[in-house]
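With CSV, C-alpha atoms inside, this is target34.csv:
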chain,number,residue,atom,x,y,z
K,26,MET,CA,-4.2,15.9,-4.1
K,27,SER,CA,-0.8,14.5,-3.4
K,28,LEU,CA,0.1,11.8,-0.8
K,29,HIS,CA,1.6,14.6,1.3
K,30,GLU,CA,-1.7,16.4,1.3
K,31,VAL,CA,-3.7,13.3,2.1
K,32,PHE,CA,-1.6,12.6,5.2
K,33,ALA,CA,-1.7,16.2,6.2
K,34,ALA,CA,-5.5,16.2,6.0
K,35,CYS,CA,-5.5,13.1,8.3
K,36,ARG,CA,-3.1,14.8,10.7
K,37,ASP,CA,-5.4,17.8,10.8
K,38,GLU,CA,-8.1,15.4,12.1
K,39,ASP,CA,-5.6,14.0,14.7
K,40,ARG,CA,-5.7,10.5,13.2
K,41,ALA,CA,-3.8,8.1,11.1
K,42,ALA,CA,-4.6,7.4,7.5
K,43,LEU,CA,-6.3,4.1,6.6
K,44,ILE,CA,-4.7,2.4,3.6
K,45,GLY,CA,-6.3,-0.7,2.1
K,46,TYR,CA,-4.7,-3.2,-0.4
K,47,LEU,CA,-6.4,-5.2,-3.1
K,48,PRO,CA,-4.8,-6.7,-6.2
K,49,ALA,CA,-6.0,-5.2,-9.5
K,50,GLY,CA,-8.0,-7.8,-11.4
K,51,TYR,CA,-9.2,-9.7,-8.4
K,52,PRO,CA,-11.4,-11.6,-9.0
K,53,THR,CA,-11.9,-9.8,-12.3
K,54,VAL,CA,-10.9,-6.3,-13.5
K,55,SER,CA,-14.5,-4.9,-13.2
K,56,ASP,CA,-15.0,-6.6,-9.8
K,57,SER,CA,-11.8,-5.2,-8.4
K,58,LYS,CA,-13.0,-1.7,-9.3
K,59,GLU,CA,-16.2,-2.2,-7.4
K,60,LEU,CA,-14.3,-3.7,-4.4
K,61,LEU,CA,-11.9,-0.7,-4.3
K,62,ALA,CA,-14.8,1.7,-4.5
K,63,GLY,CA,-16.4,-0.1,-1.5
K,64,MET,CA,-13.1,0.0,0.5
K,65,LEU,CA,-12.9,3.8,-0.1
K,66,GLY,CA,-16.6,4.4,0.5
K,67,GLY,CA,-17.1,2.7,3.8
K,68,THR,CA,-20.7,2.7,5.0
K,69,ASP,CA,-23.3,5.3,6.0
K,70,GLU,CA,-22.1,5.0,9.6
K,71,ALA,CA,-18.3,5.4,9.0
K,72,PRO,CA,-16.0,6.4,6.2
K,73,GLY,CA,-13.6,3.9,4.7
K,74,CYS,CA,-10.0,4.0,3.4
K,75,ASP,CA,-8.1,7.2,2.7
K,76,ILE,CA,-5.8,5.6,0.2
K,77,VAL,CA,-5.9,2.2,-1.7
K,78,GLU,CA,-2.9,0.2,-2.7
K,79,VAL,CA,-3.6,-1.4,-6.0
K,80,GLY,CA,-1.5,-4.5,-6.2
K,81,VAL,CA,0.0,-6.0,-9.4
K,82,PRO,CA,-0.7,-9.7,-9.5
K,83,TYR,CA,2.6,-11.5,-9.9
K,84,SER,CA,3.6,-15.1,-10.5
K,85,ASP,CA,6.7,-15.1,-8.2
K,86,PRO,CA,5.8,-13.1,-5.1
K,87,VAL,CA,8.4,-12.6,-2.3
K,88,ILE,CA,6.6,-10.8,0.5
K,89,ASP,CA,3.0,-12.0,-0.2
K,90,GLY,CA,1.4,-14.5,2.1
K,91,PRO,CA,-1.0,-17.2,1.0
K,92,THR,CA,-4.1,-15.0,0.9
K,93,ILE,CA,-2.6,-12.4,-1.4
K,94,GLN,CA,-0.8,-15.1,-3.5
K,95,ALA,CA,-4.2,-16.9,-4.0
K,96,ALA,CA,-5.9,-13.6,-5.0
K,97,GLY,CA,-3.1,-12.8,-7.4
K,98,ASP,CA,-3.4,-16.2,-9.0
K,99,THR,CA,-7.1,-15.7,-9.4
K,100,ALA,CA,-6.5,-12.4,-11.2
K,101,LEU,CA,-3.9,-13.9,-13.5
K,102,ARG,CA,-6.1,-16.8,-14.4
K,103,ALA,CA,-8.9,-14.3,-15.1
K,104,GLY,CA,-6.6,-12.8,-17.7
K,105,PHE,CA,-5.1,-9.8,-15.9
K,106,ARG,CA,-2.6,-7.8,-18.0
K,107,ILE,CA,-0.5,-4.9,-16.8
K,108,ARG,CA,-2.5,-2.4,-18.9
K,109,ASP,CA,-5.5,-3.3,-16.7
K,110,LEU,CA,-3.6,-1.9,-13.7
K,111,PHE,CA,-3.8,1.6,-15.1
K,112,ASP,CA,-7.5,1.2,-15.9
K,113,VAL,CA,-8.2,0.2,-12.3
K,114,VAL,CA,-6.1,3.1,-11.0
K,115,SER,CA,-8.0,5.5,-13.3
K,116,SER,CA,-11.3,4.3,-11.8
K,117,VAL,CA,-10.1,5.3,-8.4
K,118,ALA,CA,-8.7,8.7,-9.5
K,119,ASP,CA,-11.8,9.5,-11.6
K,120,ALA,CA,-13.9,9.1,-8.5
K,121,GLY,CA,-11.7,11.7,-6.8
K,122,ARG,CA,-10.0,9.2,-4.5
K,123,HIS,CA,-6.3,8.3,-4.0
K,124,ALA,CA,-4.4,5.3,-5.2
K,125,VAL,CA,-0.9,4.0,-5.0
K,126,VAL,CA,0.5,0.9,-6.7
K,127,MET,CA,2.2,-2.0,-5.0
K,128,THR,CA,4.4,-4.1,-7.3
K,129,TYR,CA,7.5,-6.2,-7.5
K,130,TRP,CA,10.2,-4.7,-9.6
K,131,ASN,CA,10.2,-7.2,-12.4
K,132,PRO,CA,6.9,-6.0,-13.9
K,133,VAL,CA,8.1,-2.4,-13.8
K,134,HIS,CA,11.4,-3.4,-15.3
K,135,GLN,CA,9.7,-5.3,-18.1
K,136,TYR,CA,7.3,-2.5,-18.8
K,137,GLY,CA,10.0,0.1,-18.7
K,138,PRO,CA,10.5,2.2,-15.6
K,139,ALA,CA,10.0,5.6,-17.3
K,140,ALA,CA,6.9,4.3,-19.2
K,141,PHE,CA,5.5,2.8,-16.0
K,142,ALA,CA,5.9,6.1,-14.1
K,143,ARG,CA,4.5,8.0,-17.1
K,144,ASP,CA,1.4,5.8,-17.5
K,145,LEU,CA,0.7,5.7,-13.8
K,146,LYS,CA,0.9,9.5,-13.5
K,147,ALA,CA,-1.5,9.7,-16.5
K,148,ALA,CA,-3.9,7.3,-14.8
K,149,GLY,CA,-3.9,9.5,-11.7
K,150,GLY,CA,-1.8,7.2,-9.5
K,151,LEU,CA,0.1,9.0,-6.7
K,152,GLY,CA,3.0,6.6,-5.9
K,153,VAL,CA,4.5,3.1,-6.1
K,154,ILE,CA,5.5,0.7,-3.3
K,155,THR,CA,8.3,-1.6,-4.4
K,156,PRO,CA,8.9,-4.3,-1.7
K,157,ASP,CA,11.8,-6.0,-3.4
K,158,LEU,CA,13.7,-2.9,-4.7
K,159,VAL,CA,16.2,-1.4,-2.4
K,160,PRO,CA,17.3,2.3,-2.8
K,161,ASP,CA,20.9,1.5,-3.6
K,162,GLU,CA,19.7,-0.4,-6.7
K,163,ALA,CA,17.0,2.1,-7.7
K,164,GLU,CA,18.8,4.8,-9.6
K,165,GLU,CA,16.8,4.3,-12.8
K,166,TRP,CA,13.5,4.2,-10.9
K,167,MET,CA,14.3,7.3,-8.9
K,168,THR,CA,15.1,9.2,-12.1
K,169,ALA,CA,11.8,8.0,-13.7
K,170,THR,CA,9.7,8.9,-10.6
K,171,ASP,CA,11.3,12.3,-10.3
K,172,GLU,CA,10.7,13.0,-14.0
K,173,HIS,CA,7.0,12.1,-13.9
K,174,GLY,CA,6.2,13.3,-10.4
K,175,VAL,CA,5.3,9.9,-8.8
K,176,ASP,CA,6.1,9.2,-5.2
K,177,ARG,CA,8.3,6.1,-4.5
K,178,ILE,CA,7.7,4.3,-1.3
K,179,PHE,CA,10.4,1.9,0.0
K,180,LEU,CA,10.2,-0.5,2.9
K,181,VAL,CA,11.9,-0.7,6.2
K,182,ALA,CA,11.8,-3.8,8.5
K,183,PRO,CA,12.6,-4.5,12.2
K,184,SER,CA,15.9,-5.9,11.0
K,185,SER,CA,17.0,-2.7,9.3
K,186,THR,CA,20.1,-1.1,10.6
K,187,GLU,CA,20.2,2.6,11.4
K,188,GLN,CA,22.3,3.2,8.2
K,189,ARG,CA,19.6,1.3,6.2
K,190,LEU,CA,16.8,3.2,7.8
K,191,ALA,CA,18.5,6.5,7.0
K,192,MET,CA,19.2,5.5,3.4
K,193,THR,CA,15.7,4.2,2.8
K,194,ALA,CA,14.0,7.2,4.4
K,195,LYS,CA,16.1,9.7,2.3
K,196,ALA,CA,15.3,7.9,-0.9
K,197,SER,CA,11.5,7.6,-0.2
K,198,SER,CA,8.8,10.2,-0.9
K,199,GLY,CA,5.1,10.2,0.0
K,200,PHE,CA,5.6,7.9,3.0
K,201,VAL,CA,7.8,5.1,4.3
K,202,TYR,CA,6.4,1.6,4.6
K,203,ALA,CA,7.3,0.0,7.9
K,204,THR,CA,6.7,-3.8,8.0
K,205,SER,CA,5.5,-4.7,11.5
K,206,VAL,CA,6.9,-8.2,11.5
K,207,MET,CA,9.5,-10.2,9.7
K,208,GLY,CA,8.0,-12.5,7.1
K,209,VAL,CA,5.2,-12.4,4.6
K,210,THR,CA,1.8,-10.7,4.5
K,211,GLY,CA,-1.3,-12.0,6.3
K,212,ALA,CA,-3.9,-11.1,8.9
K,213,ARG,CA,-2.6,-12.0,12.4
K,214,ALA,CA,-4.1,-12.3,15.8
K,215,THR,CA,-1.7,-9.6,17.1
K,216,VAL,CA,0.3,-6.9,15.5
K,217,GLY,CA,4.1,-7.4,15.8
K,218,ASP,CA,5.5,-5.9,19.0
K,219,LYS,CA,8.5,-4.5,17.1
K,220,ALA,CA,6.3,-2.2,15.0
K,221,GLU,CA,6.3,0.8,17.4
K,222,SER,CA,10.0,0.7,17.9
K,223,LEU,CA,10.6,0.5,14.2
K,224,VAL,CA,8.4,3.6,13.6
K,225,ARG,CA,10.3,5.4,16.4
K,226,ARG,CA,13.6,4.5,14.9
K,227,THR,CA,12.5,5.5,11.4
K,228,ARG,CA,11.0,8.8,12.5
K,229,ALA,CA,14.4,9.8,13.8
K,230,HIS,CA,15.6,9.9,10.2
K,231,THR,CA,12.7,11.6,8.3
K,232,ASP,CA,9.7,13.9,8.5
K,233,LEU,CA,7.9,11.7,6.0
K,234,PRO,CA,4.7,9.9,7.2
K,235,ILE,CA,5.3,6.3,8.2
K,236,GLY,CA,2.7,3.6,7.4
K,237,VAL,CA,2.7,0.3,9.2
K,238,GLY,CA,1.6,-2.9,7.3
K,239,LEU,CA,1.5,-6.7,7.7
K,240,GLY,CA,-0.8,-8.2,10.2
K,241,VAL,CA,-3.7,-5.8,10.8
K,242,ARG,CA,-7.2,-7.3,10.5
K,243,SER,CA,-9.5,-5.5,12.9
K,244,GLY,CA,-10.6,-2.1,14.2
K,245,GLU,CA,-9.0,-2.8,17.5
K,246,GLN,CA,-5.6,-3.6,15.9
K,247,ALA,CA,-6.0,-0.5,13.6
K,248,ALA,CA,-6.5,1.7,16.7
K,249,GLU,CA,-3.5,0.1,18.3
K,250,VAL,CA,-1.2,0.9,15.3
K,251,ALA,CA,-2.8,4.4,14.8
K,252,LYS,CA,-1.4,5.4,18.2
K,253,PHE,CA,2.1,5.5,16.9
K,254,ALA,CA,2.0,5.4,13.1
K,255,ASP,CA,0.8,7.9,10.5
K,256,GLY,CA,-0.8,5.2,8.3
K,257,VAL,CA,-2.4,1.8,9.0
K,258,ILE,CA,-2.1,-0.6,6.0
K,259,VAL,CA,-4.5,-3.6,5.7
K,260,GLY,CA,-4.4,-6.2,2.9
K,261,SER,CA,-5.2,-9.8,3.5
K,262,ALA,CA,-8.2,-9.0,5.7
K,263,PHE,CA,-9.8,-7.1,2.9
K,264,ILE,CA,-9.2,-10.0,0.5
K,265,ASN,CA,-10.7,-12.5,3.0
K,266,ARG,CA,-13.8,-10.3,3.4
K,267,ALA,CA,-14.1,-9.8,-0.3
K,268,GLU,CA,-14.1,-13.5,-0.9
K,269,GLN,CA,-16.6,-14.2,1.9
K,270,GLU,CA,-19.0,-11.2,1.5
K,271,GLY,CA,-18.1,-9.2,-1.6
K,272,VAL,CA,-18.5,-5.5,-1.8
K,273,SER,CA,-20.7,-5.2,1.3
K,274,GLY,CA,-18.1,-7.1,3.3
K,275,VAL,CA,-15.2,-4.8,2.4
K,276,ARG,CA,-17.4,-1.7,3.0
K,277,ALA,CA,-18.1,-3.0,6.5
K,278,LEU,CA,-14.5,-3.9,7.2
K,279,ALA,CA,-13.3,-0.5,5.9
K,280,ALA,CA,-15.8,1.2,8.2
K,281,GLU,CA,-14.6,-0.8,11.2
K,282,LEU,CA,-11.0,0.0,10.5
K,283,GLY,CA,-11.9,3.6,9.8
K,284,ARG,CA,-13.4,3.9,13.3
K,285,GLY,CA,-10.3,2.3,14.6
K,286,VAL,CA,-7.9,4.9,13.2
K,287,ARG,CA,-10.1,7.6,14.5
K,288,SER,CA,-10.2,6.3,18.1
K,289,ARG,CA,-6.6,6.9,19.1
As structure tokens, the full file:
Amino acid sequence: MSLHEVFAACRDEDRAALIGYLPAGYPTVSDSKELLAGMLGGTDEAPGCDIVEVGVPYSDPVIDGPTIQAAGDTALRAGFRIRDLFDVVSSVADAGRHAVVMTYWNPVHQYGPAAFARDLKAAGGLGVITPDLVPDEAEEWMTATDEHGVDRIFLVAPSSTEQRLAMTAKASSGFVYATSVMGVTGARATVGDKAESLVRRTRAHTDLPIGVGLGVRSGEQAAEVAKFADGVIVGSAFINRAEQEGVSGVRALAAELGRGVRSR
């Protein structure tokens, strides 16, 4: 199934997709596989995530807040290597579920863009989110993703001009990632009040689904975002729950968020 088909299936159910983030290798490679399976599985009472973002732990993050930075550091100290990323993605795909990768550009550049797209496709990954790569500097990446059939997801922000929104939407495939607030990732008490207007502005330039990330931590917030977005993206809250309660905790949070995206 492609990202297009995943979002279409969610639309058929009149709901937004739930997208959960966790770094590969956090706290170890095997543990991250179990946590991602829990996020996708939910509980007996409610389903979990529709898609998982498998993060690449990185030593010099730009958009990551303290929770994701700490999780990435844990994974790196545990010996994470880029080859482990594809192993983790394979574990999701082999279970018949859907994974995209979220990574800064430097690891892709060092690995080789064509090789990265090729190996991700072979692992069953559907797409890549690159928060620090802008479309006007992404020609090599766009060629590689086109060649290997991997979706490329770029970011828009409340500060994006109309010209930038149009350029980013045109260059994206799979979905467009809309950041609800300016700043770094992290669970917040409220979702940024500029998120809805950003989705509306972006939607004027594309028919692609639009996912909203940064700040969501509860079912109530997921329901709020699901009223105007095609996807609700949750990261730091899953890491916090994994640290506190392990697999059972992320299952419970996924179920709570899953009920949220179904309550609009």
Env of region 37-53 of chain K: 7 Å cut, atoms = all atoms listed in the file, seq-sep filter 5 positions within chain, self excluded. Answer as a PDB file with C-alpha atoms, in the coordinates of the input.
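Below you can see out.pdb, which holds the result:
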ATOM      1  CA  PHE K  32      -1.600  12.600   5.200  1.00  0.00           C
ATOM      2  CA  CYS K  74     -10.000   4.000   3.400  1.00  0.00           C
ATOM      3  CA  ASP K  75      -8.100   7.200   2.700  1.00  0.00           C
ATOM      4  CA  ILE K  76      -5.800   5.600   0.200  1.00  0.00           C
ATOM      5  CA  VAL K  77      -5.900   2.200  -1.700  1.00  0.00           C
ATOM      6  CA  GLU K  78      -2.900   0.200  -2.700  1.00  0.00           C
ATOM      7  CA  VAL K  79      -3.600  -1.400  -6.000  1.00  0.00           C
ATOM      8  CA  GLY K  80      -1.500  -4.500  -6.200  1.00  0.00           C
ATOM      9  CA  VAL K  81       0.000  -6.000  -9.400  1.00  0.00           C
ATOM     10  CA  PRO K  82      -0.700  -9.700  -9.500  1.00  0.00           C
ATOM     11  CA  ALA K  96      -5.900 -13.600  -5.000  1.00  0.00           C
ATOM     12  CA  GLY K  97      -3.100 -12.800  -7.400  1.00  0.00           C
ATOM     13  CA  THR K  99      -7.100 -15.700  -9.400  1.00  0.00           C
ATOM     14  CA  ALA K 100      -6.500 -12.400 -11.200  1.00  0.00           C
ATOM     15  CA  ALA K 103      -8.900 -14.300 -15.100  1.00  0.00           C
ATOM     16  CA  PHE K 105      -5.100  -9.800 -15.900  1.00  0.00           C
ATOM     17  CA  LEU K 110      -3.600  -1.900 -13.700  1.00  0.00           C
ATOM     18  CA  VAL K 113      -8.200   0.200 -12.300  1.00  0.00           C
ATOM     19  CA  ALA K 251      -2.800   4.400  14.800  1.00  0.00           C
ATOM     20  CA  ALA K 254       2.000   5.400  13.100  1.00  0.00           C
ATOM     21  CA  ASP K 255       0.800   7.900  10.500  1.00  0.00           C
ATOM     22  CA  GLY K 256      -0.800   5.200   8.300  1.00  0.00           C
ATOM     23  CA  VAL K 257      -2.400   1.800   9.000  1.00  0.00           C
ATOM     24  CA  ILE K 258      -2.100  -0.600   6.000  1.00  0.00           C
ATOM     25  CA  VAL K 259      -4.500  -3.600   5.700  1.00  0.00           C
ATOM     26  CA  GLY K 260      -4.400  -6.200   2.900  1.00  0.00           C
ATOM     27  CA  ILE K 264      -9.200 -10.000   0.500  1.00  0.00           C
ATOM     28  CA  GLY K 283     -11.900   3.600   9.800  1.00  0.00           C
ATOM     29  CA  VAL K 286      -7.900   4.900  13.200  1.00  0.00           C
ATOM     30  CA  ARG K 287     -10.100   7.600  14.500  1.00  0.00           C
ATOM     31  CA  ARG K 289      -6.600   6.900  19.100  1.00  0.00           C
TER      32      ARG K 289
END
Could you list, as a ChimeraX atom specification, every residue within 12 Å of Thr186 (chain K), counting only C-alpha atoms and ignoring same-chain residues fewer than 6 positions away? /K:192-193,223,226-227,230
Just the residues within 10 Å of Thr168 (chain K), please, counting only C-alpha atoms, with nothing from its chain fewer than 5 positions along; format it as a PyMOL selection string. chain K and resi 138-139+142+163+173-174
Between CA of Lys195 (chain K) and CA of Met167 (chain K), measure the distance and give it in Å to one decimal.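 A separation of 11.6 Å between them.
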Between K:Gly149, K:Phe179, K:Ala280, K:Phe253, which one has atoms that come closest to Asp161 (chain K), using all atoms listed in the file?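 Checking each of K:Gly149, K:Phe179, K:Ala280, K:Phe253 against Asp161 (chain K), counting all atoms listed in the file, the winner is K:Phe179.
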Straight-line distance linking CA of Gly67 (chain K) with CA of Asp98 (chain K), stated in Å to one decimal: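 For CA of Gly67 (chain K) relative to CA of Asp98 (chain K), the distance reads 26.6 Å.
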What's the separation between CA of Gly199 (chain K) and CA of Arg106 (chain K), in Å to one decimal place?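 Computing it gives 26.6 Å between the two atoms.
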Of K:Ser55, K:Ser197, K:Leu151, K:Val224, the one nearest to Ser185 (chain K) when counting only C-alpha atoms is K:Val224
Which residue of K:Val275, K:Phe111, K:Leu158, K:Ala220 approaches Ile88 (chain K) most closely, using all atoms listed in the file: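 Residue with the minimum atom-to-atom distance to Ile88 (chain K): K:Leu158.
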Can you tell me which residues surround Asp218 (chain K) at a distance of at most 10 Å, considering all atoms listed in the file, apart from same-chain residues fewer than 4 positions away, and format the answer as a PyMOL selection string? chain K and resi 183+205-206+222-223
Which one of K:Asp144, K:Glu221, K:Glu270, K:Asp85 sits closest to Leu101 (chain K) if you count all atoms listed in the file?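 Residue with the minimum atom-to-atom distance to Leu101 (chain K): K:Asp85.
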Met26 (chain K) proximity check over K:Glu162, K:Ala124, K:Asp157, K:Ile107, using all atoms listed in the file: winner is K:Ala124
My list of candidates is K:Ala33, K:Ala140, K:Leu65, K:Ile235. Which is closest to Val250 (chain K) when distances are computed with only C-alpha atoms? K:Ile235
